[in-house]
>>> print(open('data_28.cif').read())   # mmCIF, C-alpha atoms
data_final
#
loop_
_atom_site.label_atom_id
_atom_site.label_comp_id
_atom_site.auth_asym_id
_atom_site.auth_seq_id
_atom_site.Cartn_x
_atom_site.Cartn_y
_atom_site.Cartn_z
CA MET N 180 75.47 -29.11 -19.65
CA VAL N 181 72.95 -31.36 -17.94
CA PHE N 182 72.78 -28.92 -15.06
CA LEU N 183 72.12 -26.08 -17.51
CA HIS N 184 69.24 -28.04 -19.11
CA SER N 185 67.72 -28.83 -15.72
CA TYR N 186 67.92 -25.22 -14.64
CA THR N 187 66.20 -24.15 -17.85
CA ILE N 188 63.37 -26.63 -17.30
CA LEU N 189 62.97 -25.42 -13.70
CA ARG N 190 62.58 -21.86 -14.91
CA LEU N 191 60.14 -22.89 -17.62
CA ALA N 192 57.95 -25.02 -15.37
CA ARG N 193 56.32 -21.95 -13.76
CA CYS N 194 55.84 -19.96 -16.99
CA LYS N 195 52.91 -19.83 -19.34
CA THR N 196 53.02 -21.84 -22.58
CA SER N 197 53.54 -18.79 -24.79
CA GLU N 198 56.34 -17.54 -22.52
CA VAL N 199 58.06 -20.97 -22.66
CA THR N 200 58.04 -20.99 -26.45
CA ASN N 201 59.41 -17.45 -26.72
CA PHE N 202 62.14 -18.20 -24.20
CA ILE N 203 63.31 -21.33 -26.07
CA PHE N 204 63.46 -19.58 -29.44
CA ARG N 205 65.40 -16.68 -27.96
CA ASN N 206 67.95 -18.68 -25.97
CA ILE N 207 68.36 -22.14 -27.58
CA SER N 208 70.09 -22.65 -30.89
CA THR N 209 68.32 -24.40 -33.73
CA SER N 210 70.81 -27.27 -33.55
CA SER N 211 69.90 -28.07 -29.95
CA LYS N 212 67.57 -30.95 -29.26
CA LEU N 213 65.52 -28.69 -27.03
CA THR N 214 64.05 -27.19 -30.19
CA LEU N 215 61.57 -30.03 -30.02
CA CYS N 216 59.69 -27.85 -27.54
CA SER N 217 58.45 -25.77 -30.48
CA SER N 218 55.62 -28.26 -30.75
CA ILE N 219 54.18 -26.63 -27.63
CA ASP N 220 52.39 -24.21 -29.97
CA ASN N 221 49.99 -27.02 -30.73
CA LEU N 222 48.81 -26.91 -27.12
CA LYS N 223 47.01 -23.61 -27.42
CA ASP N 224 43.72 -25.28 -28.27
CA LYS N 225 44.33 -28.88 -27.20
CA ALA N 226 46.46 -28.95 -24.03
CA PRO N 227 44.84 -28.29 -20.64
CA ASN N 228 45.59 -25.05 -18.79
CA LYS N 229 46.92 -26.81 -15.68
CA ILE N 230 50.62 -27.59 -15.41
CA PRO N 231 51.37 -31.33 -15.00
CA ASN N 232 52.06 -32.35 -11.46
CA ASP N 233 55.48 -33.73 -12.38
CA CYS N 234 56.46 -30.28 -13.69
CA ARG N 235 55.27 -28.28 -10.65
CA PHE N 236 58.18 -29.04 -8.31
CA ALA N 237 61.89 -29.30 -9.05
CA GLU N 238 62.35 -32.62 -7.35
CA ASN N 239 59.94 -34.35 -9.77
CA ILE N 240 62.01 -33.37 -12.82
CA THR N 241 64.55 -35.92 -13.97
CA SER N 242 68.13 -35.00 -14.33
CA ASN N 243 67.92 -35.67 -18.05
CA GLY N 244 66.10 -32.61 -19.43
CA LYS N 245 66.21 -34.04 -22.95
CA SER N 246 64.16 -37.11 -22.05
CA TYR N 247 61.55 -34.93 -20.31
CA VAL N 248 61.04 -32.78 -23.43
CA ARG N 249 60.66 -35.88 -25.60
CA GLY N 250 58.05 -37.30 -23.21
CA LEU N 251 56.12 -34.04 -23.29
CA THR N 252 56.19 -34.07 -27.10
CA SER N 253 54.90 -37.65 -27.26
CA ASP N 254 52.01 -36.77 -24.88
CA ILE N 255 51.00 -33.95 -27.16
CA SER N 256 51.00 -36.20 -30.21
CA GLU N 257 48.83 -38.78 -28.45
CA LYS N 258 46.38 -36.04 -27.41
CA ASN N 259 46.11 -34.76 -30.98
CA ASN N 260 45.45 -38.27 -32.31
CA GLU N 261 42.67 -38.83 -29.77
CA ASP N 262 40.99 -35.49 -30.67
CA ASN N 263 41.18 -36.28 -34.37
CA LYS N 264 39.56 -39.65 -33.78
CA TYR N 265 36.80 -38.04 -31.71
CA ASP N 266 36.09 -35.39 -34.39
CA ALA N 267 35.98 -37.99 -37.12
CA HIS N 268 33.58 -40.06 -35.04
CA ASN N 269 31.27 -37.06 -34.64
CA VAL N 270 31.30 -36.37 -38.35
CA ASN N 271 30.31 -39.95 -39.05
CA LEU N 272 27.45 -39.71 -36.55
CA LEU N 273 26.18 -36.51 -38.14
CA ASP N 274 26.33 -38.02 -41.58
CA THR N 275 24.42 -41.09 -40.37
CA HIS N 276 21.66 -38.96 -38.80
CA LYS N 277 21.47 -36.86 -41.92
CA HIS N 278 20.87 -39.92 -44.09
CA LYS N 279 18.28 -41.25 -41.66
CA LEU N 280 16.45 -37.89 -41.63
CA THR N 281 16.44 -37.79 -45.42
CA ASP N 282 15.05 -41.30 -45.62
CA ALA N 283 12.32 -40.47 -43.11
CA LEU N 284 11.16 -37.45 -45.14
CA GLU N 285 11.09 -39.47 -48.32
CA ASP N 286 8.94 -42.14 -46.66
CA ILE N 287 6.12 -39.60 -45.99
CA ASP N 288 3.36 -40.39 -48.47
CA GLU N 289 1.05 -37.35 -48.35
CA LYS N 290 -0.05 -35.22 -51.23
CA LEU N 291 -0.10 -31.49 -50.50
CA SER N 292 -3.03 -29.42 -51.70
CA GLY N 293 -2.52 -27.26 -54.71
CA PRO N 294 -3.04 -23.50 -54.72
CA LEU N 295 -6.31 -23.85 -56.70
CA ASP N 296 -7.76 -26.85 -54.87
CA PRO N 297 -10.91 -26.26 -52.77
CA CYS N 298 -10.30 -25.87 -49.03
CA ASN N 299 -12.90 -26.92 -46.45
CA GLU N 300 -10.72 -26.12 -43.42
CA ASP N 301 -11.21 -22.95 -41.34
CA LEU N 302 -8.05 -20.89 -41.79
CA SER N 303 -9.33 -17.63 -40.36
CA HIS N 304 -6.87 -17.85 -37.46
CA ILE N 305 -3.90 -17.89 -39.83
CA GLY N 306 -2.55 -14.51 -40.83
CA PRO N 307 0.62 -12.45 -41.04
CA HIS N 308 2.30 -11.05 -37.98
CA ILE N 309 0.97 -7.68 -36.85
CA THR N 310 3.29 -4.98 -38.10
CA ALA N 311 3.91 -1.56 -36.62
CA THR N 312 0.78 0.57 -36.33
CA TYR N 313 -0.31 3.97 -35.04
CA ASN N 314 -3.70 2.93 -33.64
CA LEU N 315 -5.51 0.06 -31.93
CA ALA N 316 -7.60 -0.97 -34.92
CA LYS N 317 -5.16 -3.71 -35.96
CA PHE N 318 -5.50 -5.44 -32.60
CA ALA N 319 -9.29 -5.24 -32.30
CA ASP N 320 -10.02 -8.59 -34.01
CA ASN N 321 -7.59 -10.56 -31.85
CA SER N 322 -7.82 -8.73 -28.50
CA TYR N 323 -10.67 -9.81 -26.23
CA THR N 324 -9.81 -6.97 -23.84
CA LEU N 325 -10.26 -4.28 -26.48
CA GLN N 326 -13.53 -5.81 -27.61
CA GLN N 327 -14.94 -5.71 -24.08
CA LEU N 328 -13.75 -2.12 -23.54
CA VAL N 329 -15.55 -1.04 -26.69
CA LYS N 330 -18.72 -2.70 -25.42
CA LEU N 331 -18.39 -0.69 -22.21
CA GLY N 332 -18.28 2.52 -24.26
CA VAL N 333 -14.58 3.35 -23.93
CA GLU N 334 -13.47 5.81 -26.62
CA LEU N 335 -10.24 4.10 -27.61
CA TYR N 336 -9.41 6.65 -30.29
CA LYS N 337 -8.86 9.21 -27.54
CA LEU N 338 -6.31 6.96 -25.83
CA GLU N 339 -4.16 6.13 -28.87
CA SER N 340 -2.03 9.25 -28.53
CA ASP N 341 -0.63 7.97 -25.21
CA ARG N 342 1.75 5.15 -25.99
CA ASP N 343 2.01 3.99 -22.37
CA VAL N 344 -1.77 3.63 -22.12
CA THR N 345 -1.94 1.80 -25.46
CA GLU N 346 0.72 -0.71 -24.45
CA MET N 347 -0.93 -1.18 -21.06
CA LEU N 348 -4.33 -2.00 -22.57
CA LEU N 349 -2.78 -4.55 -24.94
CA THR N 350 -1.07 -6.38 -22.08
CA LEU N 351 -4.04 -6.50 -19.68
CA ASP N 352 -6.30 -9.51 -19.31
CA PHE N 353 -9.92 -8.42 -19.07
CA GLU N 354 -11.02 -11.17 -16.68
CA LYS N 355 -8.06 -10.93 -14.28
CA ASP N 356 -6.86 -7.33 -14.54
CA ILE N 357 -9.90 -5.22 -15.41
CA LYS N 358 -12.96 -6.87 -13.89
CA PRO N 359 -11.92 -6.23 -10.26
CA TYR N 360 -11.61 -2.50 -11.00
CA ILE N 361 -15.01 -2.41 -12.68
CA GLN N 362 -16.53 -4.01 -9.60
CA PHE N 363 -14.78 -1.43 -7.39
CA LEU N 364 -16.07 1.48 -9.49
CA HIS N 365 -19.59 0.06 -9.35
CA ASP N 366 -19.33 -0.10 -5.56
CA CYS N 367 -18.24 3.56 -5.54
CA GLY N 368 -21.39 4.59 -7.39
CA VAL N 369 -20.26 4.68 -11.02
CA MET N 370 -23.26 3.64 -13.09
CA PRO N 371 -22.76 1.04 -15.86
CA GLU N 372 -23.51 3.59 -18.57
CA ARG N 373 -20.78 5.85 -17.11
CA LEU N 374 -18.02 3.23 -17.05
CA GLY N 375 -16.92 4.04 -20.59
CA TYR N 376 -16.69 7.74 -19.75
CA PHE N 377 -14.73 7.00 -16.58
CA ILE N 378 -12.17 4.68 -18.23
CA THR N 379 -11.72 7.08 -21.16
CA ARG N 380 -10.89 9.93 -18.75
CA ASN N 381 -8.74 7.85 -16.41
CA PRO N 382 -7.42 4.66 -18.09
CA LYS N 383 -4.40 4.57 -15.77
CA ILE N 384 -6.60 3.52 -12.88
CA PHE N 385 -5.77 -0.07 -13.90
CA LYS N 386 -2.19 0.60 -12.76
CA GLU N 387 -3.29 1.62 -9.27
CA ASN N 388 -3.06 -0.79 -6.37
CA MET N 389 -6.49 -1.91 -5.22
CA ASP N 390 -5.61 -1.37 -1.55
CA ASP N 391 -4.64 2.23 -2.32
CA LEU N 392 -7.98 2.85 -4.01
CA HIS N 393 -9.86 1.56 -0.98
CA THR N 394 -7.70 3.75 1.27
CA ARG N 395 -8.61 6.87 -0.75
CA ILE N 396 -12.29 6.14 -0.37
CA ARG N 397 -11.88 5.50 3.35
CA TYR N 398 -10.10 8.86 3.66
CA LEU N 399 -13.15 10.67 2.30
CA ARG N 400 -15.45 8.73 4.60
CA ALA N 401 -13.21 9.60 7.56
CA HIS N 402 -13.59 13.31 6.70
CA LYS N 403 -17.38 13.06 6.75
CA PHE N 404 -18.00 12.80 3.01
CA SER N 405 -21.29 11.00 2.54
CA PRO N 406 -21.66 8.15 0.00
CA ASP N 407 -23.63 10.49 -2.28
CA MET N 408 -20.79 13.04 -2.12
CA ILE N 409 -18.23 10.38 -2.99
CA LYS N 410 -20.41 9.17 -5.85
CA SER N 411 -20.64 12.73 -7.20
CA ILE N 412 -16.88 13.29 -6.92
CA VAL N 413 -15.96 10.05 -8.70
CA ASN N 414 -18.47 10.58 -11.50
CA LYS N 415 -17.60 14.24 -12.09
CA HIS N 416 -13.84 13.86 -11.99
CA PRO N 417 -12.55 10.31 -12.75
CA PRO N 418 -8.83 11.18 -12.22
CA TRP N 419 -9.59 11.87 -8.54
CA LEU N 420 -8.92 8.23 -7.56
CA SER N 421 -5.42 8.34 -9.08
CA PHE N 422 -4.21 10.98 -6.61
CA LYS N 423 -2.55 9.88 -3.40
CA THR N 424 -4.22 10.58 -0.07
CA LYS N 425 -1.38 12.89 1.03
CA ILE N 426 -1.85 15.10 -2.04
CA ILE N 427 -5.63 15.34 -1.55
CA ASP N 428 -5.16 16.17 2.12
CA TYR N 429 -2.65 18.92 1.30
CA ARG N 430 -4.91 20.47 -1.34
CA LEU N 431 -7.97 20.51 0.91
CA GLY N 432 -5.90 22.06 3.69
CA HIS N 433 -4.61 24.75 1.33
CA PHE N 434 -8.08 26.00 0.39
CA GLN N 435 -9.30 25.77 3.95
CA ASN N 436 -6.42 27.86 5.32
CA ALA N 437 -6.13 30.34 2.44
CA TYR N 438 -9.83 31.28 2.41
CA LYS N 439 -10.79 30.47 6.02
CA LEU N 440 -13.31 27.82 5.08
CA SER N 441 -15.14 25.55 7.49
CA GLY N 442 -15.23 21.78 7.10
CA GLU N 443 -18.69 21.92 5.55
CA GLN N 444 -17.58 24.57 3.07
CA VAL N 445 -14.56 22.48 2.10
CA ARG N 446 -16.80 19.49 1.41
CA HIS N 447 -19.17 21.70 -0.59
CA LEU N 448 -16.26 23.03 -2.66
CA THR N 449 -14.96 19.52 -3.30
CA VAL N 450 -18.32 18.19 -4.46
CA THR N 451 -19.04 21.29 -6.58
CA CYS N 452 -15.71 21.23 -8.44
CA PRO N 453 -13.50 18.23 -7.61
CA LYS N 454 -11.23 19.13 -10.52
CA LEU N 455 -10.12 22.24 -8.63
CA ILE N 456 -8.72 20.12 -5.78
CA THR N 457 -6.47 18.15 -8.14
CA TYR N 458 -5.56 21.08 -10.40
CA ASP N 459 -2.04 22.44 -10.94
CA MET N 460 -1.04 24.28 -7.77
CA ASN N 461 1.02 26.89 -9.61
CA ARG N 462 -2.01 27.95 -11.67
CA ILE N 463 -4.17 27.97 -8.55
CA ARG N 464 -1.71 30.30 -6.80
CA ASN N 465 -1.61 32.58 -9.85
CA SER N 466 -5.40 32.73 -9.96
CA SER N 467 -5.56 33.46 -6.23
CA PHE N 468 -3.11 36.32 -6.67
CA ALA N 469 -5.18 37.71 -9.56
CA VAL N 470 -8.43 37.57 -7.56
CA LYS N 471 -7.01 39.19 -4.44
CA GLU N 472 -4.39 41.57 -5.79
CA GLU N 473 -5.09 42.37 -9.46
CA MET N 474 -8.90 42.49 -9.19
CA GLY N 475 -8.96 43.77 -5.63
CA PHE N 476 -11.49 41.43 -3.98
CA ASN N 477 -11.25 41.14 -0.20
CA LEU N 478 -11.24 37.83 1.68
CA ILE N 479 -15.01 37.62 2.12
CA GLU N 480 -15.67 38.43 -1.55
CA ALA N 481 -13.02 35.95 -2.71
CA GLN N 482 -14.63 33.32 -0.50
CA LEU N 483 -18.03 33.95 -2.10
CA ILE N 484 -16.53 33.67 -5.59
CA LEU N 485 -14.73 30.45 -4.67
CA LEU N 486 -17.80 28.73 -3.25
CA GLN N 487 -20.18 29.80 -6.05
CA THR N 488 -17.93 29.70 -9.12
CA PRO N 489 -14.75 27.73 -8.36
CA ARG N 490 -14.03 27.40 -12.08
CA VAL N 491 -12.71 30.97 -11.96
CA TRP N 492 -9.49 29.44 -10.53
CA ILE N 493 -9.32 26.96 -13.42
CA ARG N 494 -9.99 29.39 -16.25
CA ALA N 495 -7.00 31.19 -17.72
CA LYS N 496 -6.00 34.07 -15.48
CA VAL N 497 -5.54 36.52 -18.38
CA GLU N 498 -9.09 35.91 -19.65
CA VAL N 499 -10.59 36.34 -16.18
CA VAL N 500 -8.77 39.63 -15.67
CA LYS N 501 -9.92 40.93 -19.08
CA THR N 502 -13.56 40.07 -18.32
CA PHE N 503 -13.36 41.66 -14.87
CA ASP N 504 -11.77 44.81 -16.27
CA TYR N 505 -14.60 45.30 -18.75
CA ALA N 506 -17.36 44.50 -16.23
CA HIS N 507 -15.92 46.76 -13.52
CA ASN N 508 -14.61 49.70 -15.56
CA LYS N 509 -16.95 49.78 -18.59
CA MET N 510 -20.18 48.40 -17.16
CA LYS N 511 -19.52 50.01 -13.75
CA LEU N 512 -20.28 46.88 -11.77
CA SER N 513 -19.02 47.00 -8.18
CA HIS N 514 -16.90 44.34 -6.51
CA LYS N 515 -19.84 43.38 -4.35
CA THR N 516 -22.13 42.88 -7.36
CA ILE N 517 -19.56 40.73 -9.14
CA ALA N 518 -18.87 38.72 -5.96
CA VAL N 519 -22.58 37.98 -5.54
CA GLN N 520 -22.92 36.87 -9.18
CA PRO N 521 -19.39 35.78 -10.11
CA ILE N 522 -20.53 33.73 -13.10
CA ILE N 523 -19.92 36.85 -15.17
CA LEU N 524 -16.17 36.23 -14.76
CA LEU N 525 -16.51 33.01 -16.78
CA CYS N 526 -17.96 34.84 -19.80
CA ARG N 527 -15.69 35.78 -22.68
CA GLN N 528 -14.93 39.47 -22.74
CA HIS N 529 -15.91 39.80 -26.40
CA ARG N 530 -19.32 38.19 -25.84
CA LEU N 531 -20.01 40.31 -22.76
CA GLN N 532 -19.09 43.46 -24.68
CA ARG N 533 -21.46 42.70 -27.59
CA ARG N 534 -24.45 42.10 -25.34
CA HIS N 535 -23.74 45.12 -23.17
CA GLU N 536 -23.32 47.42 -26.18
CA PHE N 537 -26.62 46.15 -27.60
CA LEU N 538 -28.39 47.02 -24.32
CA VAL N 539 -26.77 50.43 -24.38
CA HIS N 540 -28.11 50.89 -27.92
CA LEU N 541 -31.59 49.99 -26.63
CA GLN N 542 -31.06 52.09 -23.45
CA LYS N 543 -31.68 49.07 -21.23
CA ASP N 544 -28.30 48.84 -19.56
CA GLN N 545 -29.58 49.06 -15.98
CA TYR N 546 -27.61 46.89 -13.53
CA ASP N 547 -28.64 48.46 -10.22
CA PRO N 548 -30.94 46.06 -8.29
CA LEU N 549 -32.53 48.99 -6.43
CA LYS N 550 -33.90 50.60 -9.60
CA PRO N 551 -36.63 49.42 -12.03
CA LEU N 552 -35.87 47.47 -15.21
CA TYR N 553 -32.99 45.76 -13.45
CA VAL N 554 -30.83 43.47 -15.64
CA SER N 555 -29.07 40.71 -13.73
CA PRO N 556 -25.45 40.11 -14.76
CA LYS N 557 -26.12 36.38 -14.47
CA VAL N 558 -29.01 36.53 -16.96
CA LEU N 559 -26.92 38.77 -19.20
CA VAL N 560 -24.17 36.20 -19.77
CA THR N 561 -26.08 32.89 -19.62
CA GLY N 562 -28.12 31.26 -22.35
CA THR N 563 -27.98 31.52 -26.12
CA ASP N 564 -28.42 34.67 -28.18
CA VAL N 565 -32.07 33.74 -28.68
CA ASP N 566 -32.57 33.53 -24.90
CA PHE N 567 -30.81 36.85 -24.45
CA CYS N 568 -33.06 38.56 -27.00
CA ASN N 569 -36.26 37.06 -25.58
CA ASN N 570 -35.54 37.46 -21.84
CA VAL N 571 -33.34 40.56 -21.60
CA ALA N 572 -33.38 42.70 -24.75
CA LYS N 573 -37.04 41.95 -25.54
CA CYS N 574 -36.47 41.98 -29.30
CA SER N 575 -36.07 39.56 -32.17
CA ILE N 576 -32.88 37.76 -32.97
CA ASP N 577 -32.81 39.39 -36.40
CA THR N 578 -32.48 42.80 -34.80
CA TYR N 579 -29.57 41.61 -32.71
CA ASN N 580 -27.85 40.06 -35.74
CA LEU N 581 -28.18 43.31 -37.67
CA PHE N 582 -26.60 45.14 -34.77
CA LEU N 583 -23.69 42.69 -34.71
CA LYS N 584 -23.00 43.36 -38.40
CA SER N 585 -22.40 47.02 -37.58
CA PHE N 586 -20.60 46.32 -34.30
#
>>> encode(input="data_28.cif", output="structure tokens")
Amino acid sequence: MVFLHSYTILRLARCKTSEVTNFIFRNISTSSKLTLCSSIDNLKDKAPNKIPNDCRFAENITSNGKSYVRGLTSDISEKNNEDNKYDAHNVNLLDTHKHKLTDALEDIDEKLSGPLDPCNEDLSHIGPHITATYNLAKFADNSYTLQQLVKLGVELYKLESDRDVTEMLLTLDFEKDIKPYIQFLHDCGVMPERLGYFITRNPKIFKENMDDLHTRIRYLRAHKFSPDMIKSIVNKHPPWLSFKTKIIDYRLGHFQNAYKLSGEQVRHLTVTCPKLITYDMNRIRNSSFAVKEEMGFNLIEAQLILLQTPRVWIRAKVEVVKTFDYAHNKMKLSHKTIAVQPIILLCRQHRLQRRHEFLVHLQKDQYDPLKPLYVSPKVLVTGTDVDFCNNVAKCSIDTYNLFLKSF
């Protein structure tokens, strides 16, 4: 029987506590003294996870398994008593500190002001937490950065629709994060009165690395752009500085190869319309197809249109085609005439039709430069209705307005 108890203990020594308990209840009768091991359940929170050294090897276990179980039970009881003493000690300490804290608060002899008592202290800095908002107005009183941007002329109401920009502006420090960029823009030729316009059009410049910005300026200088050209580009099109050098180089190369432009012509195109260089390439390709294929301009004529009126590639292709169709088929203007004065392609088709029909009514629709009473297509589409009546139709504006009522 002693051998059986020892063998059981040997098997249990390498098992987990829960497995030991289950094994005893399954295999030992309730009358056996080994049922004392049921107290092992109390070890789940109190006993350490490591197995005692005297239980790890068989040779350390005594031949009397009953005495070993009793020793283990007594160790558990002592451990529980120590924990209970420690917990009770902690409770007493907490109670003592609580009483001391209460006494300290009662000893404070200070009379608080009443709600109707006069207050001479400045409490303007005290206010509720800023709640959710849809604009920057709530932050204006407490944000030094926003106040300085307003002084520069930045139109913050135009930036509120972009959440990323709004959060960026609220996290920037004006002295550390914005001033260096303002100095850089001033060095590039942006006048102080134009800083507000620039930041409104390109607020994300504050996210750009300063070294990258200097590299983009050096790229233009390396391609023979003069300081005045760079100044014109930056002032006309603020987002230019946010485009990487590789993208700018690819765009300039595209126009140079597609329309056989020289270096000087590329620089002229860039200064005239820098927005075209950074425009959506898919729309540029569609406009190029419309100019060459749908309208039928040859390479030389397309080159003239590009250098004189590059905004033809930015305007909606459908509108350009409609205007060209009316000018070429109704007004009988040749491709050469339109290429020489391509500004007519930027005019709305409805406006061009009204003015042309009025000249037809007056019998002054003469667009041949070799004949007398020549009417320039450029003069026809530029200026207000008053200018058109005084310079082209040679009549009063009232006459033109009466004609429009019957048009």
>>> resolve_selection(input="data_28.cif", expression="the PyMOL selection byres ((chain N and resi 495) around 12)", output="number ranges by chain")
N: 462-463, 465-467, 469, 490-494, 496-502, 524-527
>>> write_last_selection(input="data_28.cif", atoms="C-alpha atoms", output="short mmCIF file (atom, residue, chain, number, x, y, z; two decimals), in the coordinates of the input")
data_model
loop_
_atom_site.label_atom_id
_atom_site.label_comp_id
_atom_site.auth_asym_id
_atom_site.auth_seq_id
_atom_site.Cartn_x
_atom_site.Cartn_y
_atom_site.Cartn_z
CA ARG N 462 -2.01 27.95 -11.67
CA ILE N 463 -4.17 27.97 -8.55
CA ASN N 465 -1.61 32.58 -9.85
CA SER N 466 -5.40 32.73 -9.96
CA SER N 467 -5.56 33.46 -6.23
CA ALA N 469 -5.18 37.71 -9.56
CA ARG N 490 -14.03 27.40 -12.08
CA VAL N 491 -12.71 30.97 -11.96
CA TRP N 492 -9.49 29.44 -10.53
CA ILE N 493 -9.32 26.96 -13.42
CA ARG N 494 -9.99 29.39 -16.25
CA LYS N 496 -6.00 34.07 -15.48
CA VAL N 497 -5.54 36.52 -18.38
CA GLU N 498 -9.09 35.91 -19.65
CA VAL N 499 -10.59 36.34 -16.18
CA VAL N 500 -8.77 39.63 -15.67
CA LYS N 501 -9.92 40.93 -19.08
CA THR N 502 -13.56 40.07 -18.32
CA LEU N 524 -16.17 36.23 -14.76
CA LEU N 525 -16.51 33.01 -16.78
CA CYS N 526 -17.96 34.84 -19.80
CA ARG N 527 -15.69 35.78 -22.68
#
>>> residues_around(input="data_28.cif", residues="region 437-445 of chain N", least_positions_apart="6", cutoff="8 Å", atoms="all atoms listed in the file", output="ChimeraX atom specification")
/N:431,478,481-482,486
>>> atom_distance(input="data_28.cif", atom1="CA of Arg397 (chain N)", atom2="CA of Leu483 (chain N)")
29.6 Å
>>> closest_residue(input="data_28.cif", among="N:Lys355, N:Arg380, N:Lys403, N:His365", to="Val333 (chain N)", atoms="only C-alpha atoms")
N:Arg380
>>> closest_residue(input="data_28.cif", among="N:Thr394, N:Ser575, N:Asn414, N:Thr350", to="Ile378 (chain N)", atoms="all atoms listed in the file")
N:Asn414
>>> residues_around(input="data_28.cif", residues="Lys423 (chain N)", least_positions_apart="2", cutoff="10 Å", atoms="all atoms listed in the file", output="list in words")
Asp391, Leu392, Thr394, Arg395, Trp419, Leu420, Ser421, Lys425, Ile426, Ile427 and Asp428 of chain N
>>> resolve_selection(input="data_28.cif", expression="the PyMOL selection byres ((chain N and resi 366-376) around 6)", output="list in words")
Leu331, Gly332, Val333, Phe363, Leu364, His365, Phe377, Ile378, Thr379 and Lys410 of chain N
>>> atom_distance(input="data_28.cif", atom1="CA of Leu583 (chain N)", atom2="CA of Phe537 (chain N)")
8.4 Å
>>> closest_residue(input="data_28.cif", among="N:Asn461, N:Thr561, N:Ser513, N:Gln532", to="Tyr546 (chain N)", atoms="only C-alpha atoms")
N:Ser513
>>> atom_distance(input="data_28.cif", atom1="CA of Val560 (chain N)", atom2="CA of Tyr505 (chain N)")
13.2 Å
>>> residues_near_point(input="data_28.cif", point="(-19.0, 12.1, -0.1)", cutoff="12 Å", atoms="all atoms listed in the file", output="number ranges by chain")
N: 367-368, 395-414, 443, 445-451, 453
>>> residues_around(input="data_28.cif", residues="Thr324 (chain N)", least_positions_apart="6", cutoff="12 Å", atoms="only C-alpha atoms", output="PyMOL selection string")
chain N and resi 315+318+330-331+333+335+345+347-358
>>> closest_residue(input="data_28.cif", among="N:Lys584, N:Val519, N:Leu485, N:Leu291", to="Val470 (chain N)", atoms="all atoms listed in the file")
N:Leu485
>>> resolve_selection(input="data_28.cif", expression="the PyMOL selection byres ((chain N and resi 573) around 12)", output="list in words")
Phe537, Leu538, Leu541, Gln542, Lys543, Leu552, Val554, Asp564, Val565, Asp566, Phe567, Cys568, Asn569, Asn570, Val571, Ala572, Cys574, Ser575, Ile576, Asp577, Thr578 and Tyr579 of chain N
>>> write_last_selection(input="data_28.cif", atoms="C-alpha atoms", output="mmCIF file, in the frame of the given file")
data_model
loop_
_atom_site.group_PDB
_atom_site.id
_atom_site.type_symbol
_atom_site.label_atom_id
_atom_site.label_comp_id
_atom_site.auth_asym_id
_atom_site.auth_seq_id
_atom_site.Cartn_x
_atom_site.Cartn_y
_atom_site.Cartn_z
ATOM 1 C CA PHE N 537 -26.620 46.150 -27.600
ATOM 2 C CA LEU N 538 -28.390 47.020 -24.320
ATOM 3 C CA LEU N 541 -31.590 49.990 -26.630
ATOM 4 C CA GLN N 542 -31.060 52.090 -23.450
ATOM 5 C CA LYS N 543 -31.680 49.070 -21.230
ATOM 6 C CA LEU N 552 -35.870 47.470 -15.210
ATOM 7 C CA VAL N 554 -30.830 43.470 -15.640
ATOM 8 C CA ASP N 564 -28.420 34.670 -28.180
ATOM 9 C CA VAL N 565 -32.070 33.740 -28.680
ATOM 10 C CA ASP N 566 -32.570 33.530 -24.900
ATOM 11 C CA PHE N 567 -30.810 36.850 -24.450
ATOM 12 C CA CYS N 568 -33.060 38.560 -27.000
ATOM 13 C CA ASN N 569 -36.260 37.060 -25.580
ATOM 14 C CA ASN N 570 -35.540 37.460 -21.840
ATOM 15 C CA VAL N 571 -33.340 40.560 -21.600
ATOM 16 C CA ALA N 572 -33.380 42.700 -24.750
ATOM 17 C CA CYS N 574 -36.470 41.980 -29.300
ATOM 18 C CA SER N 575 -36.070 39.560 -32.170
ATOM 19 C CA ILE N 576 -32.880 37.760 -32.970
ATOM 20 C CA ASP N 577 -32.810 39.390 -36.400
ATOM 21 C CA THR N 578 -32.480 42.800 -34.800
ATOM 22 C CA TYR N 579 -29.570 41.610 -32.710
#
>>> closest_residue(input="data_28.cif", among="N:Tyr553, N:Tyr360, N:Tyr458, N:Phe434", to="Lys386 (chain N)", atoms="all atoms listed in the file")
N:Tyr360
